[in-house]
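Okay, run-v7.txt now, which holds compact mmCIF, C-alpha atoms:
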# COMPACT_ATOMS: atom_id res chain seq x y z
CA MET G 671 81.08 39.16 -54.06
CA ALA G 672 78.43 41.82 -53.43
CA TRP G 673 75.57 42.06 -55.81
CA ASN G 674 76.25 45.74 -56.46
CA GLU G 675 79.99 45.51 -57.33
CA PRO G 676 81.02 47.49 -60.35
CA GLY G 677 81.28 45.61 -63.59
CA LYS G 678 78.65 43.15 -62.68
CA ASP G 679 75.08 42.88 -63.77
CA ASP G 680 73.39 46.14 -63.22
CA LYS G 681 70.18 44.39 -62.06
CA ASP G 682 69.41 44.36 -58.37
CA PRO G 683 66.75 42.60 -56.30
CA TRP G 684 64.42 45.54 -56.76
CA LYS G 685 64.72 45.33 -60.59
CA ASN G 686 66.45 48.62 -60.83
CA LYS G 687 68.43 49.00 -63.99
CA GLY G 688 71.72 50.65 -63.55
CA GLY G 689 73.88 50.13 -60.54
CA ASN G 690 73.70 53.59 -59.26
CA ASN G 691 69.88 53.94 -59.35
CA GLN G 692 68.51 53.29 -55.79
CA GLY G 693 64.78 54.05 -56.45
CA PRO G 694 61.86 52.03 -55.05
CA PRO G 695 60.93 48.68 -56.70
CA ASP G 696 58.09 48.34 -59.19
CA LEU G 697 55.09 46.84 -57.32
CA ASP G 698 53.56 45.34 -60.43
CA ASP G 699 56.71 43.39 -61.16
CA LEU G 700 56.86 42.22 -57.54
CA PHE G 701 53.32 40.82 -57.57
CA LYS G 702 53.93 39.03 -60.87
CA ASP G 703 57.07 37.42 -59.50
CA LEU G 704 55.21 36.17 -56.39
CA SER G 705 52.32 34.79 -58.43
CA LYS G 706 54.67 32.84 -60.61
CA LYS G 707 56.34 31.29 -57.60
CA PHE G 708 53.04 30.20 -55.96
CA GLY G 709 51.76 28.95 -59.28
CA GLY G 710 54.71 26.60 -59.50
CA ILE G 711 53.74 24.95 -56.25
CA PHE G 712 50.44 23.77 -57.77
CA GLY G 713 51.87 22.49 -61.01
CA GLY G 714 52.52 25.76 -62.79
CA LYS G 715 55.85 27.11 -64.02
CA SER G 716 58.48 28.59 -61.79
CA SER G 717 60.23 31.90 -62.32
CA ASN G 718 62.71 30.31 -64.68
CA GLY G 719 59.98 28.79 -66.85
CA LYS G 720 60.34 25.16 -65.60
CA PRO G 721 57.48 23.14 -63.96
CA GLY G 722 57.44 23.03 -60.10
CA LYS G 723 57.46 19.25 -59.68
CA ASN G 724 58.55 19.15 -56.05
CA PHE G 725 55.89 21.57 -54.86
CA SER G 726 53.03 19.82 -56.71
CA SER G 727 53.81 16.37 -55.26
CA ILE G 728 53.84 17.76 -51.72
CA GLY G 729 50.47 19.44 -52.22
CA ILE G 730 48.85 16.29 -53.51
CA SER G 731 50.21 14.26 -50.58
CA LEU G 732 48.92 16.74 -48.06
CA ALA G 733 45.47 16.71 -49.68
CA LEU G 734 45.36 12.92 -49.64
CA ILE G 735 46.38 12.76 -45.97
CA VAL G 736 43.72 15.27 -44.99
CA ALA G 737 41.07 13.38 -46.97
CA ILE G 738 42.04 10.06 -45.37
CA LEU G 739 41.92 11.55 -41.89
CA VAL G 740 38.50 13.06 -42.54
CA TYR G 741 37.21 9.72 -43.88
CA VAL G 742 38.57 7.78 -40.90
CA PHE G 743 37.15 10.12 -38.31
CA SER G 744 33.79 10.30 -40.05
CA GLY G 745 33.38 6.52 -39.58
CA PHE G 746 33.24 6.59 -35.78
CA TYR G 747 29.81 6.35 -34.13
CA THR G 748 28.31 5.41 -30.75
CA ILE G 749 25.58 2.90 -29.83
CA LYS G 750 23.80 3.76 -26.57
CA GLU G 751 23.47 1.36 -23.64
CA ALA G 752 19.80 0.58 -24.29
CA GLU G 753 20.25 0.19 -28.06
CA GLN G 754 21.44 -2.37 -30.55
CA GLY G 755 22.78 -1.44 -33.99
CA ILE G 756 21.71 -3.00 -37.32
CA VAL G 757 24.56 -2.85 -39.86
CA LEU G 758 23.71 -2.56 -43.57
CA ARG G 759 26.48 -2.82 -46.20
CA PHE G 760 25.33 -1.45 -49.53
CA GLY G 761 21.78 -1.91 -48.19
CA GLN G 762 22.20 -5.58 -47.21
CA TYR G 763 21.99 -6.78 -43.60
CA THR G 764 25.39 -7.95 -42.30
CA GLY G 765 24.92 -8.18 -38.52
CA ASN G 766 24.28 -6.46 -35.22
CA VAL G 767 26.57 -4.34 -33.10
CA GLU G 768 26.47 -3.99 -29.32
CA PRO G 769 26.53 -0.72 -27.32
CA GLY G 770 29.77 1.26 -27.29
CA LEU G 771 32.08 3.22 -29.59
CA ARG G 772 32.18 1.65 -33.08
CA TRP G 773 33.59 2.37 -36.54
CA LYS G 774 32.05 1.83 -39.97
CA TRP G 775 32.99 2.33 -43.58
CA THR G 776 31.58 5.70 -44.52
CA PHE G 777 29.41 5.69 -47.66
CA ILE G 778 29.52 1.87 -47.57
CA ASP G 779 28.01 0.82 -44.25
CA ARG G 780 24.87 2.18 -42.63
CA VAL G 781 23.99 1.60 -38.97
CA ILE G 782 20.39 1.78 -37.68
CA PRO G 783 20.15 2.01 -33.84
CA VAL G 784 17.18 0.20 -32.25
CA ASP G 785 16.08 0.66 -28.63
CA ILE G 786 15.61 -2.84 -27.16
CA GLN G 787 15.23 -2.05 -23.43
CA THR G 788 12.69 0.74 -23.16
CA THR G 789 9.10 -0.34 -22.50
CA ARG G 790 6.72 1.38 -24.90
CA ASN G 791 3.01 2.14 -24.55
CA LEU G 792 0.37 1.68 -27.20
CA PRO G 793 -3.27 2.78 -26.56
CA ALA G 794 -6.43 1.57 -28.28
CA SER G 795 -10.01 2.77 -27.85
CA GLY G 796 -13.33 3.10 -29.64
CA PHE G 797 -17.02 2.22 -29.65
CA MET G 798 -17.59 -1.50 -30.08
CA LEU G 799 -20.57 -3.82 -30.46
CA THR G 800 -20.96 -6.58 -27.86
CA GLN G 801 -22.42 -10.04 -28.25
CA ASP G 802 -25.82 -8.96 -26.91
CA GLU G 803 -25.93 -6.11 -29.48
CA ASN G 804 -25.07 -3.26 -27.14
CA VAL G 805 -22.57 -0.49 -27.78
CA VAL G 806 -19.75 0.22 -25.32
CA ARG G 807 -16.69 2.42 -25.42
CA VAL G 808 -13.57 0.51 -24.39
CA GLU G 809 -10.12 1.95 -23.67
CA MET G 810 -7.13 -0.33 -23.37
CA GLN G 811 -3.38 0.14 -23.30
CA ILE G 812 -0.56 -2.35 -23.83
CA GLN G 813 3.09 -2.24 -22.88
CA TYR G 814 5.67 -3.85 -25.15
CA ARG G 815 9.35 -3.80 -26.03
CA VAL G 816 11.68 -4.97 -28.81
CA VAL G 817 13.38 -8.35 -28.37
CA ASN G 818 14.74 -8.91 -31.90
CA ALA G 819 16.10 -5.80 -33.64
CA ARG G 820 16.46 -7.44 -37.07
CA ASN G 821 12.85 -8.67 -37.17
CA TYR G 822 11.65 -5.34 -35.85
CA ILE G 823 13.28 -3.52 -38.81
CA PHE G 824 12.90 -5.97 -41.69
CA SER G 825 9.90 -8.25 -40.98
CA VAL G 826 7.27 -5.62 -41.78
CA THR G 827 7.28 -2.06 -43.04
CA ASP G 828 6.35 -0.56 -39.64
CA ALA G 829 6.25 -2.93 -36.68
CA ASP G 830 4.63 -0.38 -34.35
CA ASP G 831 1.80 0.31 -36.77
CA SER G 832 1.28 -3.43 -37.36
CA LEU G 833 1.06 -3.97 -33.59
CA SER G 834 -1.48 -1.14 -33.28
CA GLN G 835 -3.71 -2.66 -35.94
CA SER G 836 -3.38 -6.10 -34.36
CA LEU G 837 -4.39 -4.68 -30.96
CA ASP G 838 -7.47 -3.00 -32.43
CA SER G 839 -8.48 -6.23 -34.17
CA ALA G 840 -7.99 -8.37 -31.04
CA LEU G 841 -9.90 -5.91 -28.85
CA ARG G 842 -12.89 -5.76 -31.19
CA TYR G 843 -12.94 -9.53 -31.55
CA VAL G 844 -12.98 -10.16 -27.79
CA VAL G 845 -15.56 -7.45 -27.04
CA GLY G 846 -17.73 -8.73 -29.89
CA HIS G 847 -17.80 -12.16 -28.24
CA SER G 848 -18.56 -10.84 -24.73
CA LYS G 849 -21.70 -9.56 -23.08
CA MET G 850 -22.06 -5.95 -22.07
CA ASP G 851 -22.41 -6.67 -18.35
CA ASP G 852 -19.20 -8.70 -18.39
CA VAL G 853 -17.30 -5.92 -20.15
CA LEU G 854 -18.56 -3.24 -17.77
CA THR G 855 -18.46 -5.09 -14.43
CA SER G 856 -17.40 -8.56 -13.42
CA GLY G 857 -15.77 -9.80 -16.64
CA ARG G 858 -13.14 -7.11 -17.09
CA GLU G 859 -10.26 -9.34 -16.06
CA ILE G 860 -11.46 -12.11 -18.38
CA VAL G 861 -11.65 -9.61 -21.27
CA ARG G 862 -8.14 -8.37 -20.52
CA GLN G 863 -6.66 -11.86 -20.54
CA ALA G 864 -8.57 -12.76 -23.69
CA VAL G 865 -7.28 -9.67 -25.52
CA TRP G 866 -3.72 -10.49 -24.49
CA THR G 867 -4.00 -14.07 -25.75
CA GLU G 868 -5.68 -13.04 -28.99
CA LEU G 869 -3.08 -10.32 -29.66
CA GLU G 870 -0.16 -12.71 -29.22
CA GLY G 871 -1.84 -15.16 -31.57
CA ILE G 872 -2.24 -12.45 -34.24
CA ILE G 873 1.33 -11.10 -34.19
CA GLU G 874 3.10 -14.46 -33.86
CA PRO G 875 3.14 -15.36 -37.62
CA TYR G 876 4.55 -11.93 -38.57
CA ASN G 877 7.72 -12.17 -36.41
CA LEU G 878 7.58 -8.52 -35.47
CA GLY G 879 10.42 -8.90 -32.99
CA LEU G 880 8.17 -7.54 -30.22
CA ILE G 881 6.94 -8.97 -26.94
CA VAL G 882 3.82 -7.80 -25.07
CA VAL G 883 4.76 -7.10 -21.45
CA ASP G 884 1.33 -6.17 -20.04
CA VAL G 885 -2.22 -5.31 -21.05
CA ASN G 886 -4.13 -2.68 -19.05
CA PHE G 887 -7.93 -2.40 -19.18
CA LYS G 888 -8.30 1.33 -18.54
CA ASP G 889 -12.01 2.02 -18.95
CA ALA G 890 -15.28 0.66 -20.31
CA ARG G 891 -18.48 2.67 -20.26
CA PRO G 892 -21.81 2.69 -22.07
CA PRO G 893 -23.03 5.52 -24.28
CA GLU G 894 -23.92 8.77 -22.52
CA GLU G 895 -27.64 8.32 -23.21
CA VAL G 896 -27.88 5.26 -20.94
CA LYS G 897 -25.01 5.98 -18.60
CA ASP G 898 -27.23 6.78 -15.55
CA ALA G 899 -29.11 3.49 -15.81
CA PHE G 900 -25.91 1.51 -16.07
CA ASP G 901 -24.44 3.38 -13.11
CA ASP G 902 -27.43 2.28 -11.03
CA ALA G 903 -27.01 -1.30 -12.19
CA ILE G 904 -23.33 -1.25 -11.32
CA SER G 905 -24.11 0.19 -7.87
CA ALA G 906 -26.63 -2.58 -7.26
CA GLN G 907 -24.09 -5.21 -8.23
CA GLU G 908 -21.51 -3.63 -5.94
CA ASP G 909 -24.05 -3.68 -3.09
CA GLU G 910 -24.72 -7.34 -3.80
CA VAL G 911 -21.04 -8.14 -3.58
CA ARG G 912 -20.76 -6.13 -0.35
CA TYR G 913 -23.69 -7.95 1.23
CA LEU G 914 -22.22 -11.28 0.26
CA ARG G 915 -18.92 -10.33 1.86
CA GLU G 916 -20.70 -9.21 5.03
CA ALA G 917 -22.67 -12.46 5.15
CA GLU G 918 -19.50 -14.47 4.70
CA ALA G 919 -17.84 -12.49 7.48
CA TYR G 920 -20.83 -13.09 9.78
CA ALA G 921 -20.79 -16.80 8.95
CA ARG G 922 -17.09 -16.98 9.70
CA GLY G 923 -17.72 -15.23 13.03
CA ILE G 924 -20.79 -17.20 14.17
CA GLU G 925 -19.67 -20.63 13.05
CA PRO G 926 -16.91 -21.04 15.70
CA ILE G 927 -19.38 -19.98 18.42
CA ALA G 928 -21.94 -22.54 17.26
CA ARG G 929 -19.28 -25.22 17.08
CA GLY G 930 -18.24 -24.36 20.64
CA ARG G 931 -21.81 -24.65 21.86
CA VAL G 932 -22.23 -27.99 20.15
CA LYS G 933 -19.04 -29.23 21.73
CA ARG G 934 -20.16 -28.04 25.16
CA MET G 935 -23.55 -29.72 24.79
CA GLU G 936 -21.84 -32.94 23.75
CA GLN G 937 -19.61 -32.81 26.80
CA GLU G 938 -22.57 -32.09 29.08
CA ALA G 939 -24.54 -34.98 27.55
CA LEU G 940 -21.60 -37.32 28.07
CA ALA G 941 -21.23 -36.11 31.66
CA TYR G 942 -24.98 -36.59 32.32
CA LYS G 943 -24.79 -40.04 30.81
CA GLU G 944 -21.86 -40.95 33.04
CA GLN G 945 -23.69 -39.55 36.07
CA ILE G 946 -26.87 -41.54 35.39
CA VAL G 947 -24.90 -44.70 34.77
CA LEU G 948 -22.90 -44.26 37.96
CA ASP G 949 -26.05 -43.49 39.99
CA ALA G 950 -27.74 -46.60 38.60
CA GLU G 951 -24.69 -48.68 39.37
CA GLY G 952 -24.63 -47.23 42.92
CA ASP G 953 -28.29 -48.11 43.43
CA VAL G 954 -27.71 -51.60 42.13
CA ALA G 955 -24.73 -52.04 44.45
CA LYS G 956 -26.78 -50.76 47.41
CA PHE G 957 -29.66 -53.15 46.67
CA ASN G 958 -27.17 -55.98 46.21
CA LYS G 959 -25.85 -55.28 49.69
CA LEU G 960 -29.36 -55.09 51.18
CA LEU G 961 -30.56 -58.27 49.54
CA PRO G 962 -28.70 -60.71 51.86
CA GLU G 963 -29.92 -58.78 54.91
CA TYR G 964 -33.48 -58.76 53.62
CA GLN G 965 -33.33 -62.48 52.90
CA ALA G 966 -32.03 -63.13 56.43
CA ALA G 967 -34.62 -60.93 58.22
CA PRO G 968 -37.30 -59.60 55.87
CA ILE G 969 -39.58 -58.00 58.54
CA VAL G 970 -36.80 -56.18 60.34
CA THR G 971 -35.23 -55.01 57.12
CA ARG G 972 -38.59 -53.81 55.78
CA GLU G 973 -39.33 -51.84 58.95
CA ARG G 974 -35.86 -50.32 58.96
CA MET G 975 -36.20 -49.31 55.32
CA TYR G 976 -39.65 -47.87 56.01
CA LEU G 977 -38.40 -45.84 58.97
CA ALA G 978 -35.43 -44.55 57.00
CA THR G 979 -37.72 -43.54 54.16
CA MET G 980 -40.18 -41.81 56.41
CA GLU G 981 -37.34 -40.02 58.14
CA LYS G 982 -36.33 -38.54 54.80
CA VAL G 983 -39.90 -37.65 53.93
CA TYR G 984 -40.76 -36.00 57.28
CA ALA G 985 -37.44 -34.17 57.38
CA ASN G 986 -38.76 -31.69 54.81
CA THR G 987 -42.32 -31.29 56.21
CA SER G 988 -43.82 -29.22 59.00
CA LYS G 989 -44.24 -30.88 62.43
CA VAL G 990 -47.52 -30.35 64.29
CA MET G 991 -48.39 -31.31 67.82
CA VAL G 992 -52.07 -32.26 68.20
CA ASP G 993 -53.98 -32.65 71.45
CA VAL G 994 -56.36 -35.53 70.84
CA ASP G 995 -57.61 -35.73 74.43
CA GLY G 996 -59.53 -32.46 74.32
CA GLY G 997 -63.01 -31.70 73.12
CA ASN G 998 -64.16 -31.06 69.61
CA ASN G 999 -61.93 -28.01 69.30
CA MET G 1000 -58.26 -28.90 69.59
CA MET G 1001 -55.09 -26.90 69.78
CA TYR G 1002 -52.08 -27.69 67.65
CA LEU G 1003 -48.63 -26.17 67.72
CA PRO G 1004 -46.41 -25.87 64.65
CA LEU G 1005 -43.09 -27.18 65.86
CA ASP G 1006 -41.12 -25.74 62.96
CA LYS G 1007 -42.31 -22.22 63.76
CA ILE G 1008 -41.49 -22.71 67.40
CA ILE G 1009 -38.01 -23.92 66.55
CA GLN G 1010 -37.54 -20.97 64.21
CA ASN G 1011 -38.66 -18.53 66.88
CA GLN G 1012 -36.31 -20.09 69.39
CA SER G 1013 -33.39 -19.71 67.00
CA SER G 1014 -34.39 -16.08 66.36
CA GLN G 1015 -34.50 -15.38 70.10
CA SER G 1016 -31.08 -16.92 70.53
CA ASN G 1017 -29.82 -14.46 67.89
CA GLY G 1018 -31.32 -11.50 69.75
CA VAL G 1019 -34.58 -11.19 67.81
CA THR G 1020 -37.88 -11.65 69.64
CA SER G 1021 -41.06 -12.56 67.86
CA GLN G 1022 -44.51 -13.76 68.79
CA PRO G 1023 -45.10 -17.44 68.06
CA ASN G 1024 -47.68 -18.07 65.42
CA ILE G 1025 -50.44 -20.12 67.06
CA GLN G 1026 -53.35 -21.02 64.93
CA GLN G 1027 -56.62 -22.58 66.12
CA PRO G 1028 -58.37 -24.41 63.35
CA VAL G 1029 -61.69 -26.06 64.10
CA SER G 1030 -61.63 -29.85 63.97
CA THR G 1031 -63.72 -32.67 65.40
CA SER G 1032 -62.44 -35.56 67.39
CA SER G 1033 -63.87 -37.95 64.89
CA GLN G 1034 -61.71 -36.39 62.16
CA THR G 1035 -58.64 -36.71 64.39
CA THR G 1036 -59.43 -40.30 65.14
CA THR G 1037 -59.93 -41.05 61.45
CA THR G 1038 -56.58 -39.45 60.58
CA ASN G 1039 -54.76 -41.45 63.22
CA SER G 1040 -56.42 -44.68 62.09
CA ASN G 1041 -55.47 -43.99 58.47
CA ARG G 1042 -51.85 -43.47 59.44
CA ALA G 1043 -51.88 -46.68 61.44
CA ASP G 1044 -53.36 -48.61 58.51
CA ARG G 1045 -50.68 -47.26 56.16
CA PHE G 1046 -47.96 -48.19 58.62
CA ASN G 1047 -49.33 -51.74 59.05
CA SER G 1048 -49.70 -52.21 55.30
CA GLY G 1049 -46.11 -51.09 54.89
CA ARG G 1050 -44.92 -53.58 57.42
CA ASN G 1051 -46.81 -56.44 55.70

Please express what this file holds, its structure, as C-alpha cells.
Amino acid sequence: MAWNEPGKDDKDPWKNKGGNNQGPPDLDDLFKDLSKKFGGIFGGKSSNGKPGKNFSSIGISLALIVAILVYVFSGFYTIKEAEQGIVLRFGQYTGNVEPGLRWKWTFIDRVIPVDIQTTRNLPASGFMLTQDENVVRVEMQIQYRVVNARNYIFSVTDADDSLSQSLDSALRYVVGHSKMDDVLTSGREIVRQAVWTELEGIIEPYNLGLIVVDVNFKDARPPEEVKDAFDDAISAQEDEVRYLREAEAYARGIEPIARGRVKRMEQEALAYKEQIVLDAEGDVAKFNKLLPEYQAAPIVTRERMYLATMEKVYANTSKVMVDVDGGNNMMYLPLDKIIQNQSSQSNGVTSQPNIQQPVSTSSQTTTTNSNRADRFNSGRN
C-alpha cells in the first residue's frame, strides 16, 4: 500500500501535513531527527523514545578492540646487534634480552639498551708532581668496553664517570711514584703498564661491568719554562742510544772477522808445528841412516859429508880464478860473471866482461891458501 493513499495518515516522509501538500521538508525537523538517531547509537534514545542498546554495545566493542590493538603494537621494540637489553618490571630487574625484535608489557616493563661491543675512549690529562718534586703534564687515553650490562647499569650511579675518576687517581699515583726522566724518556712503557695495573686494581671491587682493553701514553712534557732544557737532555739521551746501537753494530760486524783471523792463525800454527815436527823426524831418520855408515867408515863418511856441505855452501857464492904463480900483482877472473856473459851472448846480447885487478901480495895469497888447507885438514880430523 502506498504511503500517500487516500484515507491513510496524512503524514509523509517530509513531515508534510495533509496528503495533497507537496512542499519542501522542514530542515530543522530533519536535523533533529538525525541527531536523535545518532544519539541512540551512543546510549541515547532512539526516535521512538527507547534506548539504543544494540548500537551502544557495538561502539564499546569497537573501542575496546582498537585500544587492545594499540596496546599490543606499542609493546614491540628492537634491540640492535651490538646491544643487550636490561628489562625492568615495575622498576625491578628481571633479566636481559638479546638483539632482535622483542615485545614488552607497555606501562609495566621498561627496557634499557646497553652497547656491549663498541670500544669506547676515555682521556685523562693534567699537571702532576713526580717523585723528585718536578711538575710534568701527562696525557693518557684508555680504551674500554662493557662486558656485563647489569653491573654497568646498577653497580654504580654512572660507570663511565667512576672509570674516569679511577683513571685520574691511578695516573696521579703512578706519576707521583716515578721520576721525571723516566716519565719523559725511557720509563714511558713502565708508567703505562703501571697505570693499567693500578686502574684494574681500583675498579675491581666496584664491579663496574667494564674491561680495559688498552692504555695509550699519548704525551708527557715539562712546563713551558724549562721545555728547551729538557729537549736538549732528551736529544742527548737519544744520541747516546744511537751511539750504543752503532757500537753494537760495529761489534757484531768486527767480531766474525776477528774470529776468522784467530782461526786462521790457529791453523797456521798447527801447520807450522806439523812441519817442524816432520822436518825434525826427517833429520833424525837421515842421521839414523848415516850412523851405520859412519860407524863402518868414519873417515870416508866425514869427508863425503864435508864435501857435500861445501858443495851446498859454494853453490851460492861467487867463483874466482886466482893466478898464484905471478908476481905481487895477480889477476883474477870472476867465473860467475863470465858464465853470465856467456849466457847473455847465447841469447843475442853482447857485453864486456867485468875484469877487476885488485892489488894483492903473494904472501897474502899463500896465507889464504894455507888457511883453507888447515880448515880442510881440521874438518877431516

Subject >> Sel. within 8 Å of pt (27.3, -4.2, -29.0), counting only C-alpha atoms, output as a list in words >> reply: Ile749, Gln754, Gly755, Asn766, Val767, Glu768, Pro769 and Gly770 of chain G

Generate the output file for the selected residues, C-alpha atoms, as a PDB file, in the frame of the given file.
ATOM      1  CA  ILE G 749      25.580   2.900 -29.830  1.00  0.00           C
ATOM      2  CA  GLN G 754      21.440  -2.370 -30.550  1.00  0.00           C
ATOM      3  CA  GLY G 755      22.780  -1.440 -33.990  1.00  0.00           C
ATOM      4  CA  ASN G 766      24.280  -6.460 -35.220  1.00  0.00           C
ATOM      5  CA  VAL G 767      26.570  -4.340 -33.100  1.00  0.00           C
ATOM      6  CA  GLU G 768      26.470  -3.990 -29.320  1.00  0.00           C
ATOM      7  CA  PRO G 769      26.530  -0.720 -27.320  1.00  0.00           C
ATOM      8  CA  GLY G 770      29.770   1.260 -27.290  1.00  0.00           C
TER       9      GLY G 770
END

**OP:** Give me the residues within 12 Å of Leu799 of chain G as a ChimeraX atom specification, counting only C-alpha atoms and dropping any in the same chain fewer than 2 places off.
**Re:** /G:796-797,801-808,841-850,853,892-893

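The closest residue to Ile881 of chain G, picked from G:Leu833, G:Arg929, G:Leu734, G:Leu771 and counting only C-alpha atoms, is G:Leu833.
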
Original post:
Between atom CA of Leu837 of chain G and atom CA of Val816 of chain G, what is the distance, to one decimal in Å?
Top reply: 16.2 Å

Starting from 5 Å padding per side, set up an axis-aligned box that covers all listed atoms of segment 952-963 of chain G and hand over centre and edge lengths in Å, one decimal, as JSON.
{"center_x": -27.6, "center_y": -54.0, "center_z": 48.5, "size_x": 15.9, "size_y": 23.5, "size_z": 22.8}

**OP:** Mind giving me the straight-line distance from atom CA of Glu868 of chain G to atom CA of Asn886 of chain G in Å, one decimal?
**Re:** 14.4 Å

**OP:** Tell me which protein, DNA and RNA residues are within 12 Å of Ser905 of chain G, counting all atoms listed in the file, leaving out same-chain ones fewer than 6 positions away, and put them as a ChimeraX atom specification.
**Re:** /G:854-855,898-899,911-912

Original post:
Do you have the atom CA of Ser795 of chain G-atom CA of Asp838 of chain G distance handy?
Top reply: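 So the two atoms, atom CA of Ser795 of chain G and atom CA of Asp838 of chain G, lie 7.8 Å apart.
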